[in-house]
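Shown next: model12.txt, containing compact mmCIF, C-alpha atoms.
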# COMPACT_ATOMS: atom_id res chain seq x y z
CA MET A 479 -14.37 -76.32 0.86
CA LEU A 480 -11.63 -75.07 3.17
CA GLU A 481 -11.12 -71.64 4.69
CA THR A 482 -8.98 -70.10 7.42
CA SER A 483 -10.43 -68.37 10.46
CA GLU A 484 -8.02 -65.46 9.93
CA SER A 485 -8.09 -63.26 6.84
CA LEU A 486 -4.85 -62.56 5.02
CA SER A 487 -4.71 -59.15 3.39
CA ARG A 488 -2.37 -58.38 0.51
CA ARG A 489 -0.58 -55.93 2.81
CA LYS A 490 -0.08 -58.65 5.46
CA ALA A 491 1.18 -61.04 2.76
CA ARG A 492 3.79 -58.41 1.83
CA THR A 493 4.94 -58.11 5.43
CA ILE A 494 5.18 -61.89 5.82
CA ALA A 495 7.05 -62.20 2.50
CA LYS A 496 9.56 -59.58 3.59
CA PHE A 497 10.06 -61.46 6.87
CA ILE A 498 10.58 -64.78 5.06
CA ARG A 499 13.07 -63.31 2.60
CA GLY A 500 15.04 -61.87 5.52
CA LEU A 501 14.85 -65.12 7.47
CA LEU A 502 16.21 -67.13 4.54
CA GLY A 503 18.88 -64.57 3.70
CA ILE A 504 17.41 -63.75 0.28
CA ASN A 505 18.99 -60.43 -0.62
CA GLU A 506 18.73 -60.53 -4.40
CA LEU A 507 15.56 -59.68 -6.27
CA TYR A 508 15.71 -62.99 -8.14
CA VAL A 509 15.03 -65.90 -5.78
CA ASN A 510 17.02 -69.11 -6.32
CA VAL A 511 14.03 -71.38 -5.71
CA PRO A 512 15.81 -74.79 -5.62
CA LYS A 513 18.28 -73.22 -3.17
CA MET A 514 15.35 -71.99 -1.10
CA LEU A 515 14.21 -75.62 -0.68
CA GLU A 516 17.70 -76.58 0.49
CA THR A 517 17.85 -73.72 3.00
CA MET A 518 14.35 -74.42 4.29
CA ALA A 519 15.22 -78.06 4.99
CA MET A 520 18.23 -76.94 7.02
CA GLU A 521 16.62 -74.00 8.82
CA PHE A 522 13.38 -75.68 9.89
CA ALA A 523 13.61 -79.07 11.57
CA ASP A 524 9.93 -79.72 10.89
CA PHE A 525 10.15 -78.98 7.16
CA ASN A 526 10.90 -81.58 4.53
CA TYR A 527 10.67 -81.78 0.76
CA GLU A 528 10.59 -84.64 -1.70
CA ILE A 529 11.11 -84.69 -5.44
CA VAL A 530 9.08 -87.63 -6.72
CA GLU A 531 8.86 -89.48 -10.02
CA ASP A 532 6.36 -87.80 -12.36
CA GLU A 533 4.11 -90.88 -12.35
CA GLU A 534 3.60 -90.62 -8.60
CA LEU A 535 1.30 -87.60 -9.00
CA PRO A 536 -1.49 -86.98 -11.53
CA ASP A 537 -0.39 -84.92 -14.58
CA SER A 538 -2.57 -82.03 -13.45
CA VAL A 539 -0.77 -81.78 -10.09
CA TYR A 540 2.39 -79.66 -10.11
CA GLY A 541 3.08 -79.84 -6.39
CA THR A 542 1.46 -80.55 -3.05
CA PHE A 543 1.88 -79.59 0.57
CA THR A 544 0.90 -82.03 3.29
CA PRO A 545 0.84 -80.46 6.77
CA ASN A 546 0.92 -83.87 8.48
CA ASN A 547 2.30 -86.91 6.72
CA GLU A 548 2.45 -90.37 8.30
CA ILE A 549 5.14 -89.23 10.72
CA ASN A 550 3.47 -85.92 11.46
CA GLN A 551 5.92 -83.89 9.43
CA PRO A 552 4.98 -81.14 6.99
CA VAL A 553 6.27 -82.03 3.53
CA VAL A 554 6.33 -80.30 0.15
CA ILE A 555 6.14 -82.79 -2.72
CA ILE A 556 7.23 -81.76 -6.21
CA PRO A 557 7.23 -83.93 -9.35
CA ASN A 558 10.63 -84.34 -11.02
CA ARG A 559 9.62 -82.47 -14.20
CA VAL A 560 8.52 -79.39 -12.24
CA TYR A 561 11.68 -79.36 -10.11
CA VAL A 562 13.98 -79.76 -13.13
CA ALA A 563 12.15 -77.00 -15.02
CA ALA A 564 12.41 -74.71 -11.99
CA CYS A 565 16.18 -75.27 -11.99
CA GLY A 566 16.50 -74.06 -15.58
CA ASN A 567 15.20 -71.15 -17.59
CA GLY A 568 12.96 -72.89 -20.09
CA SER A 569 9.51 -71.80 -21.18
CA THR A 570 7.75 -73.15 -18.06
CA SER A 571 10.38 -72.27 -15.47
CA GLY A 572 8.51 -69.16 -14.26
CA ARG A 573 5.35 -71.14 -13.64
CA ASP A 574 7.25 -74.03 -12.04
CA ARG A 575 9.25 -71.75 -9.77
CA MET A 576 5.99 -70.15 -8.65
CA THR A 577 4.48 -73.60 -7.99
CA ILE A 578 7.31 -74.56 -5.64
CA VAL A 579 7.15 -71.26 -3.76
CA HIS A 580 3.35 -71.63 -3.58
CA GLU A 581 3.79 -74.93 -1.73
CA ILE A 582 6.43 -73.40 0.53
CA ALA A 583 3.98 -70.54 1.20
CA HIS A 584 1.43 -73.10 2.43
CA TYR A 585 4.05 -74.34 4.91
CA PHE A 586 4.68 -70.86 6.28
CA LEU A 587 1.02 -69.90 6.46
CA ILE A 588 -0.25 -73.10 8.02
CA ILE A 589 2.64 -74.17 10.22
CA ARG A 590 4.44 -70.96 11.10
CA PHE A 591 1.70 -68.32 10.96
CA LYS A 592 -1.25 -70.48 11.98
CA TYR A 593 -3.52 -69.77 9.02
CA LYS A 594 -4.90 -73.23 9.54
CA PRO A 595 -7.49 -74.33 6.97
CA ILE A 596 -10.69 -75.75 8.40
CA GLU A 597 -13.80 -77.12 6.76
CA ARG A 598 -16.10 -74.25 5.79
CA LEU A 599 -19.49 -74.58 7.41
CA GLY A 600 -21.51 -72.07 5.38
CA ARG A 601 -22.54 -72.43 1.76
CA GLY A 602 -20.63 -70.98 -1.18
CA SER A 603 -16.98 -70.13 -1.53
CA PRO A 604 -14.94 -68.45 1.20
CA SER A 605 -13.87 -64.85 0.72
CA LYS A 606 -10.57 -64.81 -1.12
CA SER A 607 -8.65 -63.48 1.89
CA LYS A 608 -9.72 -66.61 3.80
CA ASP A 609 -9.13 -69.00 0.92
CA PRO A 610 -5.93 -71.02 1.62
CA GLU A 611 -5.13 -71.28 -2.09
CA TRP A 612 -5.45 -67.53 -2.66
CA GLN A 613 -3.38 -66.90 0.47
CA ALA A 614 -0.56 -69.16 -0.76
CA MET A 615 -0.72 -67.60 -4.23
CA ALA A 616 -0.54 -64.08 -2.77
CA LEU A 617 2.35 -64.93 -0.47
CA ALA A 618 4.28 -66.75 -3.24
CA GLY A 619 3.79 -63.74 -5.52
CA GLU A 620 5.10 -61.39 -2.85
CA ILE A 621 8.13 -63.60 -2.17
CA LEU A 622 9.10 -63.78 -5.84
CA MET A 623 8.09 -60.19 -6.69
CA PRO A 624 8.71 -58.16 -3.52
CA PHE A 625 6.48 -55.11 -3.79
CA ASP A 626 8.87 -52.42 -2.57
CA GLU A 627 11.60 -53.48 -4.98
CA THR A 628 9.35 -54.02 -8.00
CA GLN A 629 6.57 -51.43 -7.81
CA HIS A 630 8.42 -49.14 -10.24
CA ILE A 631 8.46 -51.83 -12.94
CA ASN A 632 5.51 -51.32 -15.27
CA ASP A 633 6.50 -53.68 -18.05
CA PRO A 634 5.31 -57.27 -17.43
CA GLN A 635 8.09 -58.67 -19.60
CA GLU A 636 10.75 -56.92 -17.57
CA LEU A 637 9.16 -57.96 -14.29
CA ALA A 638 8.89 -61.57 -15.50
CA ARG A 639 12.53 -61.59 -16.60
CA ARG A 640 13.96 -59.96 -13.50
CA CYS A 641 11.95 -62.02 -11.01
CA GLY A 642 11.84 -65.31 -12.95
CA VAL A 643 8.05 -65.54 -13.02
CA SER A 644 5.64 -66.19 -15.88
CA PHE A 645 4.41 -63.31 -18.02
CA ASP A 646 0.89 -63.96 -16.73
CA ALA A 647 1.98 -63.65 -13.09
CA ALA A 648 3.88 -60.45 -13.84
CA TYR A 649 0.96 -58.98 -15.82
CA TYR A 650 -1.49 -59.81 -13.02
CA ARG A 651 0.77 -58.20 -10.44
CA ILE A 652 1.22 -54.98 -12.41
CA HIS A 653 -2.37 -54.53 -13.49
CA LYS A 654 -4.00 -55.58 -10.28
CA TYR A 655 -1.69 -54.27 -7.58
CA VAL A 656 0.81 -51.81 -8.98
CA LYS A 657 -1.23 -49.64 -11.32
CA SER A 658 -4.10 -49.49 -8.83
CA LYS A 659 -1.97 -48.54 -5.85
CA MET B 830 11.30 -89.46 6.46
CA ILE B 831 14.75 -87.98 5.94
CA THR B 832 17.49 -90.54 6.59
CA LYS B 833 20.91 -90.03 8.13
CA PHE B 834 22.32 -90.27 4.61
CA GLY B 835 19.83 -87.60 3.50
CA LYS B 836 20.91 -85.27 6.29
CA PHE B 837 24.57 -85.81 5.42
CA VAL B 838 24.18 -85.00 1.72
CA ARG B 839 21.94 -81.99 2.42
CA HIS B 840 24.68 -80.56 4.67
CA LEU B 841 27.25 -81.38 2.01
CA ARG B 842 25.22 -79.46 -0.58
CA LEU B 843 25.05 -76.40 1.65
CA ASP B 844 28.81 -76.60 2.25
CA HIS B 845 29.43 -76.76 -1.50
CA ASP B 846 26.71 -74.21 -2.31
CA ILE B 847 24.96 -76.54 -4.73
CA ILE B 848 21.41 -77.80 -5.13
CA LEU B 849 19.91 -81.28 -5.27
CA LYS B 850 19.94 -81.27 -9.08
CA ASP B 851 23.69 -80.59 -9.18
CA MET B 852 24.34 -83.54 -6.88
CA ALA B 853 21.97 -85.76 -8.87
CA ASP B 854 23.95 -84.85 -12.02
CA THR B 855 27.21 -85.79 -10.27
CA LEU B 856 25.71 -89.15 -9.31
CA GLY B 857 24.25 -89.64 -12.79
CA VAL B 858 20.65 -89.99 -11.57
CA SER B 859 17.43 -87.95 -11.63
CA PRO B 860 16.60 -85.54 -8.79
CA ALA B 861 13.66 -87.84 -7.95
CA MET B 862 16.02 -90.79 -7.48
CA LEU B 863 18.36 -88.85 -5.17
CA SER B 864 15.42 -87.39 -3.24
CA GLY B 865 13.86 -90.86 -2.91
CA VAL B 866 17.10 -92.15 -1.39
CA GLU B 867 17.40 -89.15 0.94
CA ASN B 868 13.89 -89.79 2.19
CA GLY B 869 14.41 -93.52 2.70
CA LYS B 870 12.06 -94.59 -0.09
CA LYS B 871 14.91 -96.09 -2.08
CA SER B 872 18.07 -97.78 -0.91
CA VAL B 873 21.48 -96.12 -1.27
CA PRO B 874 23.12 -97.56 -4.41
CA LEU B 875 26.44 -99.23 -3.65
CA ASP B 876 28.53 -97.02 -5.93
CA TRP B 877 27.32 -93.72 -4.43
CA GLU B 878 29.79 -93.78 -1.53
CA ARG B 879 32.76 -93.75 -3.92
CA LYS B 880 31.12 -91.19 -6.22
CA ILE B 881 30.41 -88.80 -3.34
CA VAL B 882 33.87 -89.22 -1.80
CA THR B 883 35.63 -88.45 -5.08
CA GLY B 884 33.08 -85.97 -6.45
CA TYR B 885 33.20 -83.75 -3.35
CA GLN B 886 36.75 -84.62 -2.23
CA LEU B 887 35.73 -85.68 1.27
CA GLY B 888 38.38 -85.76 4.00
CA VAL B 889 38.92 -88.79 6.21
CA GLU B 890 36.46 -87.65 8.88
CA GLN B 891 33.72 -86.89 6.36
CA GLN B 892 34.34 -90.23 4.64
CA ARG B 893 33.73 -91.98 7.94
CA GLU B 894 30.58 -89.94 8.57
CA LEU B 895 29.29 -90.78 5.09
CA HIS B 896 30.05 -94.48 5.54
CA ASP B 897 28.20 -94.54 8.88
CA ALA B 898 25.27 -92.59 7.41
CA ILE B 899 24.97 -95.03 4.52
CA LEU B 900 25.09 -98.05 6.82
CA GLU B 901 22.36 -96.55 9.00
CA SER B 902 20.20 -95.65 6.01
CA ILE B 903 20.56 -98.74 3.89
CA ASN B 904 17.67 -101.17 4.09
CA GLN B 905 18.36 -103.38 1.11
CA VAL B 906 21.43 -104.50 -0.84
CA ARG B 907 20.95 -105.64 -4.41
CA LEU B 908 23.53 -107.77 -6.16
CA GLU B 909 23.62 -107.91 -9.93
CA THR B 910 24.16 -111.59 -10.71
CA LYS B 911 23.38 -111.50 -14.41
CA GLY B 912 26.41 -112.91 -16.24
CA ALA B 913 28.11 -114.02 -13.00
CA SER B 914 29.45 -117.56 -12.73
CA TYR B 915 27.38 -120.33 -11.17
CA ASP B 916 29.71 -120.35 -8.14
CA LYS B 917 29.37 -116.60 -7.59
CA VAL B 918 25.58 -116.77 -7.72
CA ASP B 919 25.70 -119.73 -5.36
CA LEU B 920 27.88 -117.72 -2.95
CA ALA B 921 25.53 -114.70 -3.07
CA VAL B 922 22.44 -116.80 -2.44
CA SER B 923 24.11 -118.73 0.33
CA PHE B 924 25.23 -115.48 1.98
CA ALA B 925 21.72 -114.02 1.78
CA ARG B 926 20.23 -117.22 3.21
CA ASN B 927 22.60 -117.19 6.19
CA PHE B 928 22.77 -113.44 6.71
CA GLU B 929 20.35 -113.19 9.62
CA LYS B 930 21.60 -116.14 11.61
CA MET B 931 25.33 -115.43 11.24
CA SER B 932 27.18 -115.24 14.58
CA ASP B 933 29.34 -112.26 15.51
CA ALA B 934 32.50 -114.38 15.34
CA LYS B 935 31.69 -115.71 11.86
CA MET B 936 30.73 -112.22 10.70
CA LYS B 937 34.03 -110.85 11.96
CA ALA B 938 35.98 -113.60 10.20
CA MET B 939 34.09 -112.99 6.99
CA MET B 940 34.66 -109.24 7.24
CA GLU B 941 38.41 -109.80 7.64
CA LEU B 942 38.41 -112.04 4.60
CA LEU B 943 36.55 -109.43 2.55
CA GLN B 944 38.94 -106.70 3.69
CA GLU B 945 41.87 -108.85 2.57
CA ILE B 946 40.27 -109.19 -0.84
CA GLU B 947 39.64 -105.45 -1.03
CA GLU B 948 43.21 -104.57 0.04
CA ALA B 949 44.71 -107.02 -2.45
CA ASP B 950 42.49 -105.48 -5.12
CA ASN B 951 43.62 -101.96 -4.18
CA VAL B 952 47.31 -102.98 -4.35
CA GLY B 953 46.68 -104.53 -7.74
CA ASN B 954 45.13 -101.29 -8.98
CA GLU B 955 48.04 -99.08 -7.87
Full structure transcribed into structure tokens:
Amino acid sequence: MLETSESLSRRKARTIAKFIRGLLGINELYVNVPKMLETMAMEFADFNYEIVEDEELPDSVYGTFTPNNEINQPVVIIPNRVYVAACGNGSTSGRDRMTIVHEIAHYFLIIRFKYKPIERLGRGSPSKSKDPEWQAMALAGEILMPFDETQHINDPQELARRCGVSFDAAYYRIHKYVKSK
Amino acid sequence: MITKFGKFVRHLRLDHDIILKDMADTLGVSPAMLSGVENGKKSVPLDWERKIVTGYQLGVEQQRELHDAILESINQVRLETKGASYDKVDLAVSFARNFEKMSDAKMKAMMELLQEIEEADNVGNE
């Protein structure tokens, strides 16, 4: 079980997301995720991405982030089917777009913001704010659904449509973080 | 690891404001195939140079950069010999066998011969 020594609060995730959107010149609400990969590869010399044949990863894996590959370079790996779906607007595109940004979020958190996962010594699960997967999920959600620009949207379908996320992601955001604010 | 060819086409995509999938469509391959080539896991197919030059209307300087990038990134050349004559297959195999030990002078002579063939072919196509 992995955890980070630093906690990431939802508020901090929002600040980091805002910073990343500014850094990558994302001015629209809707993020062009495949374009984000292109920009990342140009902006950060230590970032790389690979689209691989579907058979190269197990069916249950939609994307991975490796902080250090064989040449010590952080790399996001996405199966072809996920990348192609994220380029379109089919039934899974919201989920697939979120998957790609989730892996990019790992890059930012681990490499750029030093939320480095280490082996957890104690028993049980880490608190969610120290869980690298929760951290990446929170940051990806904030990148795709920036809080300040979306907090007035109370309809999950509208939020999903405008931000290009799944209905489930939009519903979770509204019911967990917007209505309770 | 990203190859010189990969760097070139990523810059080209930014210049043209397109994504990897658009370029893969232009080349008639899957995004995974293009990405594999960019990252040096697959060799650059021989017809990509022409497809990129015409598809993105590269100027002379960019054509030279692309050619150099391909030469630096290529690690294997495959020749389709199915259906070729016995003599052509013999030539290909003989070339492959002698490739490593070929002297600079012989290589230069062979290159000139190939350029003559290419130029004659281009004149014939005009």
Give me, as a list in words, the contact residues of chain B against chain A at a cut-off of 9 Å, counting all atoms listed in the file.
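The complete set of qualifying residues is Met830, Ile831, Lys836, Arg839, His840, Arg842, Leu843, Asp846, Ile847, Ile848, Leu849, Lys850, Ser859, Pro860, Ala861, Met862, Leu863, Ser864, Gly865, Glu867 and Asn868 of chain B.
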Would you work out the distance separating atom CA of Asp574 of chain A from atom CA of Ala491 of chain A, expressed in Å to one decimal?
20.6 Å
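The space separating atom CA of Asn951 of chain B from atom CA of Lys833 of chain B comes to 28.5 Å.
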To one decimal place in Å, what is the distance between atom CA of Val643 of chain A and atom CA of His630 of chain A?
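About the pair atom CA of Val643 of chain A and atom CA of His630 of chain A: they are 16.6 Å apart.
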Let me know the centre plus edge lengths, in Å and rounded to one decimal, of a box with edges along x, y and z that contains all listed atoms of segment 589-599 of chain A and is padded by 4 Å on every side, as JSON.
{"center_x": -7.5, "center_y": -72.7, "center_z": 8.9, "size_x": 31.9, "size_y": 16.8, "size_z": 14.2}
Could you name the residues that touch Tyr655 of chain A at 10 Å or less, counting all atoms listed in the file, but leaving out those on the same chain fewer than 4 positions away, as a list in words?
Arg488, Phe625, Gln629, Tyr649, Tyr650, Arg651 and Lys659 of chain A
